[in-house]
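Source file: protein-v8.txt. Holds: compact mmCIF, C-alpha atoms.
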```txt
# COMPACT_ATOMS: atom_id res chain seq x y z
CA MET D 19 18.41 -14.94 -26.67
CA LYS D 20 16.66 -16.12 -23.52
CA THR D 21 12.85 -15.99 -23.49
CA ILE D 22 11.34 -14.54 -20.32
CA PRO D 23 8.37 -16.65 -19.07
CA ILE D 24 5.50 -14.45 -17.91
CA ALA D 25 2.26 -14.99 -16.02
CA ILE D 26 -0.74 -12.67 -16.16
CA VAL D 27 -3.17 -12.55 -13.23
CA ASP D 28 -6.11 -10.27 -14.00
CA ASP D 29 -9.87 -10.75 -13.72
CA HIS D 30 -10.58 -8.51 -16.72
CA THR D 31 -10.61 -11.14 -19.47
CA LEU D 32 -10.51 -8.70 -22.36
CA MET D 33 -7.60 -6.82 -20.83
CA SER D 34 -5.59 -9.90 -19.94
CA LYS D 35 -6.09 -11.51 -23.36
CA ALA D 36 -5.10 -8.31 -25.18
CA LEU D 37 -2.04 -8.04 -22.95
CA GLU D 38 -1.12 -11.66 -23.63
CA ASN D 39 -1.46 -11.18 -27.40
CA MET D 40 0.70 -8.07 -27.31
CA ILE D 41 3.43 -9.75 -25.29
CA MET D 42 3.44 -12.90 -27.41
CA GLU D 43 4.17 -10.84 -30.52
CA ASN D 44 7.65 -10.26 -29.11
CA PRO D 45 9.85 -13.40 -29.27
CA GLN D 46 11.77 -12.26 -26.20
CA TYR D 47 8.78 -13.08 -24.01
CA SER D 48 6.40 -15.98 -23.51
CA VAL D 49 3.12 -15.92 -21.60
CA ILE D 50 2.96 -19.33 -19.96
CA MET D 51 0.05 -18.66 -17.56
CA ASN D 52 -3.03 -16.44 -17.59
CA HIS D 53 -5.51 -16.59 -14.69
CA PRO D 54 -8.43 -14.42 -13.49
CA ASN D 55 -7.53 -14.37 -9.79
CA GLY D 56 -4.85 -15.24 -7.29
CA GLU D 57 -6.55 -18.40 -6.10
CA ASP D 58 -6.63 -19.97 -9.57
CA PHE D 59 -3.09 -18.78 -10.25
CA ILE D 60 -1.67 -20.34 -7.07
CA ALA D 61 -3.48 -23.62 -7.72
CA ALA D 62 -2.05 -23.76 -11.25
CA LEU D 63 1.39 -22.69 -10.06
CA GLU D 64 1.64 -25.58 -7.63
CA LYS D 65 1.07 -28.03 -10.50
CA ALA D 66 3.11 -26.22 -13.16
CA SER D 67 6.13 -27.82 -14.81
CA GLU D 68 7.52 -24.37 -15.63
CA LEU D 69 7.39 -21.32 -13.36
CA PRO D 70 7.08 -17.74 -14.58
CA ALA D 71 9.98 -15.38 -13.96
CA VAL D 72 7.72 -12.33 -13.93
CA VAL D 73 4.06 -11.98 -12.96
CA LEU D 74 1.90 -9.09 -14.14
CA MET D 75 -0.48 -8.79 -11.21
CA ASP D 76 -3.78 -6.95 -11.02
CA ILE D 77 -4.71 -5.74 -7.52
CA ASN D 78 -8.51 -5.81 -7.26
CA MET D 79 -9.59 -9.39 -7.96
CA PRO D 80 -12.12 -11.80 -6.42
CA TYR D 81 -11.21 -14.79 -4.21
CA LYS D 82 -7.57 -13.73 -3.66
CA ASN D 83 -6.53 -10.22 -4.59
CA GLY D 84 -3.18 -9.00 -5.87
CA ILE D 85 -1.81 -8.00 -2.47
CA GLU D 86 -2.64 -11.39 -0.91
CA THR D 87 -1.29 -13.27 -3.92
CA THR D 88 1.93 -11.26 -3.93
CA GLU D 89 2.42 -11.96 -0.22
CA TRP D 90 2.00 -15.68 -0.94
CA LEU D 91 4.51 -15.55 -3.78
CA THR D 92 7.02 -13.66 -1.65
CA GLU D 93 6.83 -16.41 0.96
CA HIS D 94 6.70 -19.47 -1.31
CA HIS D 95 8.43 -18.36 -4.53
CA PRO D 96 10.63 -15.36 -3.70
CA ASN D 97 12.48 -15.66 -7.03
CA ILE D 98 9.31 -14.88 -8.99
CA LYS D 99 9.15 -11.13 -9.56
CA VAL D 100 5.78 -9.37 -9.37
CA ILE D 101 4.88 -6.23 -11.29
CA ALA D 102 1.60 -4.66 -10.21
CA LEU D 103 -0.39 -3.70 -13.30
CA THR D 104 -3.43 -1.74 -12.18
CA MET D 105 -5.68 1.31 -12.43
CA GLU D 106 -5.07 2.08 -8.73
CA ASP D 107 -3.00 5.24 -8.27
CA ASP D 108 -3.59 5.52 -4.52
CA GLU D 109 -0.37 5.70 -2.50
CA LYS D 110 -1.84 3.52 0.27
CA VAL D 111 -2.47 0.72 -2.23
CA LEU D 112 0.98 1.28 -3.70
CA ILE D 113 2.65 0.93 -0.30
CA LYS D 114 0.67 -2.21 0.53
CA MET D 115 1.67 -3.79 -2.77
CA LEU D 116 5.35 -2.92 -2.33
CA LYS D 117 5.31 -4.20 1.25
CA ALA D 118 3.78 -7.43 -0.05
CA GLY D 119 6.85 -7.84 -2.25
CA ALA D 120 6.02 -6.30 -5.65
CA LYS D 121 9.12 -5.24 -7.59
CA GLY D 122 7.31 -2.83 -9.90
CA TYR D 123 4.09 -0.84 -10.10
CA LEU D 124 2.57 0.25 -13.41
CA LEU D 125 -0.71 1.89 -14.33
CA LYS D 126 -2.63 0.13 -17.09
CA ASP D 127 -2.63 3.21 -19.30
CA MET D 128 1.18 3.17 -19.65
CA GLN D 129 2.89 2.81 -23.03
CA PRO D 130 3.78 -0.76 -24.15
CA SER D 131 7.45 0.25 -24.26
CA ILE D 132 7.31 1.02 -20.52
CA LEU D 133 5.83 -2.41 -19.83
CA PHE D 134 8.60 -4.20 -21.71
CA GLN D 135 11.21 -2.00 -20.07
CA ALA D 136 9.76 -2.89 -16.66
CA ILE D 137 9.76 -6.62 -17.41
CA ASP D 138 13.37 -6.53 -18.63
CA THR D 139 14.57 -4.44 -15.70
CA VAL D 140 12.79 -6.53 -13.07
CA PHE D 141 14.07 -9.73 -14.68
CA ASP D 142 17.69 -8.50 -14.89
CA LYS D 143 18.03 -6.18 -11.90
CA GLY D 144 15.18 -7.04 -9.53
CA SER D 145 13.05 -3.90 -9.46
CA PHE D 146 11.59 -1.13 -11.62
CA TYR D 147 9.90 2.07 -10.49
CA THR D 148 8.54 4.82 -12.72
CA ASP D 149 8.64 8.53 -11.91
CA PHE D 150 4.99 8.15 -10.87
CA VAL D 151 5.94 5.64 -8.17
CA ALA D 152 8.93 7.70 -7.07
CA GLN D 153 6.72 10.77 -6.62
CA LYS D 154 4.15 8.77 -4.64
CA LEU D 155 6.84 7.32 -2.37
CA LEU D 156 8.37 10.76 -1.88
CA LYS D 157 4.97 12.13 -0.89
CA VAL D 158 4.44 9.31 1.62
CA LYS D 159 7.94 9.79 3.05
CA THR D 160 7.39 13.54 3.37
CA GLU D 161 4.09 12.94 5.18
CA ASP D 162 5.78 10.43 7.50
CA ILE D 163 8.49 12.95 8.35
CA LYS D 164 5.89 15.63 9.06
CA THR D 165 3.87 13.24 11.26
CA ALA D 166 6.98 12.18 13.17
CA SER D 167 7.80 15.83 13.75
CA LEU D 168 4.28 16.56 15.02
CA LEU D 169 4.28 13.55 17.35
CA SER D 170 7.71 14.45 18.75
CA GLU D 171 6.26 17.75 19.97
CA LEU D 172 3.68 16.02 22.15
CA LYS D 173 4.35 15.60 25.85
CA GLU D 174 3.45 12.34 27.60
CA ARG D 175 0.51 13.89 29.44
CA GLU D 176 -0.76 15.33 26.14
CA LYS D 177 -0.63 11.84 24.61
CA GLU D 178 -2.56 10.54 27.60
CA PHE D 179 -5.12 13.29 27.07
CA ILE D 180 -5.48 12.29 23.41
CA LYS D 181 -6.31 8.70 24.40
CA TRP D 182 -9.01 9.88 26.80
CA ALA D 183 -10.30 12.34 24.18
CA CYS D 184 -10.97 9.37 21.88
CA SER D 185 -13.50 8.06 24.39
CA GLU D 186 -17.04 9.27 25.05
CA LEU D 187 -15.99 11.14 28.17
CA THR D 188 -16.57 14.87 28.44
CA TYR D 189 -13.58 17.14 29.03
CA LYS D 190 -14.67 17.51 32.67
CA GLU D 191 -14.77 13.73 33.05
CA ILE D 192 -11.34 13.47 31.41
CA ALA D 193 -10.05 15.98 33.98
CA ASP D 194 -11.33 13.70 36.75
CA LYS D 195 -9.69 10.63 35.16
CA MET D 196 -6.36 12.45 34.86
CA PHE D 197 -6.67 14.04 38.33
CA LEU D 198 -6.37 17.50 36.82
CA SER D 199 -8.49 20.63 36.80
CA PRO D 200 -10.83 21.33 33.86
CA LYS D 201 -8.76 24.45 33.18
CA THR D 202 -5.60 22.34 32.79
CA ILE D 203 -7.43 19.96 30.42
CA ASP D 204 -8.56 22.94 28.36
CA GLY D 205 -4.91 23.94 28.15
CA TYR D 206 -3.93 20.44 26.96
CA ARG D 207 -6.72 20.54 24.39
CA ASP D 208 -5.66 23.90 22.98
CA SER D 209 -1.99 22.87 22.94
CA VAL D 210 -2.70 19.57 21.15
CA PHE D 211 -4.97 21.23 18.60
CA THR D 212 -2.24 23.76 17.82
CA LYS D 213 0.61 21.23 17.62
CA LEU D 214 -1.32 18.78 15.44
CA GLU D 215 -2.86 21.52 13.29
CA ILE D 216 -6.42 20.33 13.89
CA LYS D 217 -9.54 22.31 14.79
CA ASN D 218 -11.84 20.05 16.79
CA ARG D 219 -12.22 16.82 18.75
CA VAL D 220 -13.37 14.85 15.71
CA GLY D 221 -10.16 15.81 13.93
CA LEU D 222 -8.18 14.74 17.00
CA VAL D 223 -9.87 11.32 17.05
CA LEU D 224 -9.21 10.80 13.34
CA PHE D 225 -5.55 11.75 13.79
CA ALA D 226 -5.19 9.40 16.76
CA LEU D 227 -6.74 6.48 14.89
CA LYS D 228 -4.64 7.10 11.78
CA HIS D 229 -1.39 7.19 13.74
CA ASP D 230 -2.16 4.45 16.29
CA LEU D 231 -2.33 6.77 19.26
CA TYR D 232 -5.55 5.13 20.41
```
Kindly present the structure from the file in structure tokens form.
Amino acid sequence: MKTIPIAIVDDHTLMSKALENMIMENPQYSVIMNHPNGEDFIAALEKASELPAVVLMDINMPYKNGIETTEWLTEHHPNIKVIALTMEDDEKVLIKMLKAGAKGYLLKDMQPSILFQAIDTVFDKGSFYTDFVAQKLLKVKTEDIKTASLLSELKEREKEFIKWACSELTYKEIADKMFLSPKTIDGYRDSVFTKLEIKNRVGLVLFALKHDLY
């Protein structure tokens, strides 16, 4: 039976040591590296005689966090599989970690059996995602579809109005910039508010910044 070499990268010493002890009780796995941050891990990795097959990666760490470290691994050691092991359940963090190259994402309060299942699956098949991750990704995808639908309803002049609305100009000054009457600008404003389901100019600015319209 082949032993799977594992690395743990986590700045919580008590957590990482307990995790290492638990894993080492199973002869199918071997913890060959345990470091408190990405910077120390990378330095040790470049000198190591044996590389881990799977890395259990915390996200919030000093010096080099889990996202940065995963990006580095994806570029320099693409065969090393990263499983994010974290308390972060925010979909934005999840997406960043997956984009960085993580092949799994687990919350630290999961059952040990799920951890071992994730390690085995990532090692054998390349990726492992729990129902929690699937639900988060579905939510993000649904929001993306809704946003795309909202943006598709905007006319080019309405998009131009949104850009001007993100400035400090008054609506009358925006009308002058767009060579339109204040009444027409009021019409654009009301139309944009309705289409984007927002109630005021602050909401419009936030929407524009979030979706790179400004």
What are the nearest atom pairs, with distances in Å to one decimal, for all residues of range 82-127 of chain D that come at most 9 Å from range 58-63 of chain D, using all atoms listed in the file, set out by chain and rising residue number as a Markdown table?
```
| residue | atom | partner | partner_atom | distance |
| --- | --- | --- | --- | --- |
| D:Lys82 | CA | D:Asp58 | CA | 8.6 |
| D:Thr87 | CA | D:Ile60 | CA | 7.7 |
| D:Trp90 | CA | D:Ile60 | CA | 8.5 |
| D:Leu91 | CA | D:Ile60 | CA | 8.5 |
```
**Study point:** Atomic separation - CA of Tyr123 in chain D relative to CA of Ile50 in chain D, Å
**Key:**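 These atoms are spaced 21.0 Å apart.
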**Study point:** Using all atoms listed in the file: which of D:Arg175, D:His229, D:Lys35, D:Lys110 has the shortest distance to Ile203 in chain D
**Key:** D:Arg175
Residues within 12 Å of Glu68 in chain D, please, as a PDB file with C-alpha atoms, keeping the file's coordinate frame. Count only C-alpha atoms; anything in the same chain fewer than 3 positions from it doesn't count.
```
ATOM      1  CA  ILE D  22      11.340 -14.540 -20.320  1.00  0.00           C
ATOM      2  CA  PRO D  23       8.370 -16.650 -19.070  1.00  0.00           C
ATOM      3  CA  ILE D  24       5.500 -14.450 -17.910  1.00  0.00           C
ATOM      4  CA  ALA D  25       2.260 -14.990 -16.020  1.00  0.00           C
ATOM      5  CA  SER D  48       6.400 -15.980 -23.510  1.00  0.00           C
ATOM      6  CA  VAL D  49       3.120 -15.920 -21.600  1.00  0.00           C
ATOM      7  CA  ILE D  50       2.960 -19.330 -19.960  1.00  0.00           C
ATOM      8  CA  MET D  51       0.050 -18.660 -17.560  1.00  0.00           C
ATOM      9  CA  ALA D  62      -2.050 -23.760 -11.250  1.00  0.00           C
ATOM     10  CA  LEU D  63       1.390 -22.690 -10.060  1.00  0.00           C
ATOM     11  CA  GLU D  64       1.640 -25.580  -7.630  1.00  0.00           C
ATOM     12  CA  LYS D  65       1.070 -28.030 -10.500  1.00  0.00           C
ATOM     13  CA  ALA D  71       9.980 -15.380 -13.960  1.00  0.00           C
ATOM     14  CA  ILE D  98       9.310 -14.880  -8.990  1.00  0.00           C
TER      15      ILE D  98
END
```
Check your understanding: So which residues are close to (-17.2, 16.1, 33.3), meaning at most 12 Å away in the file's coordinates with only C-alpha atoms counted, and can you show them as a list in words?
Key ->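 Answer for this query, in the requested form: Glu186, Leu187, Thr188, Tyr189, Lys190, Glu191, Ile192, Ala193, Asp194, Lys195, Met196, Phe197, Leu198, Ser199, Pro200, Lys201 and Ile203 of chain D.
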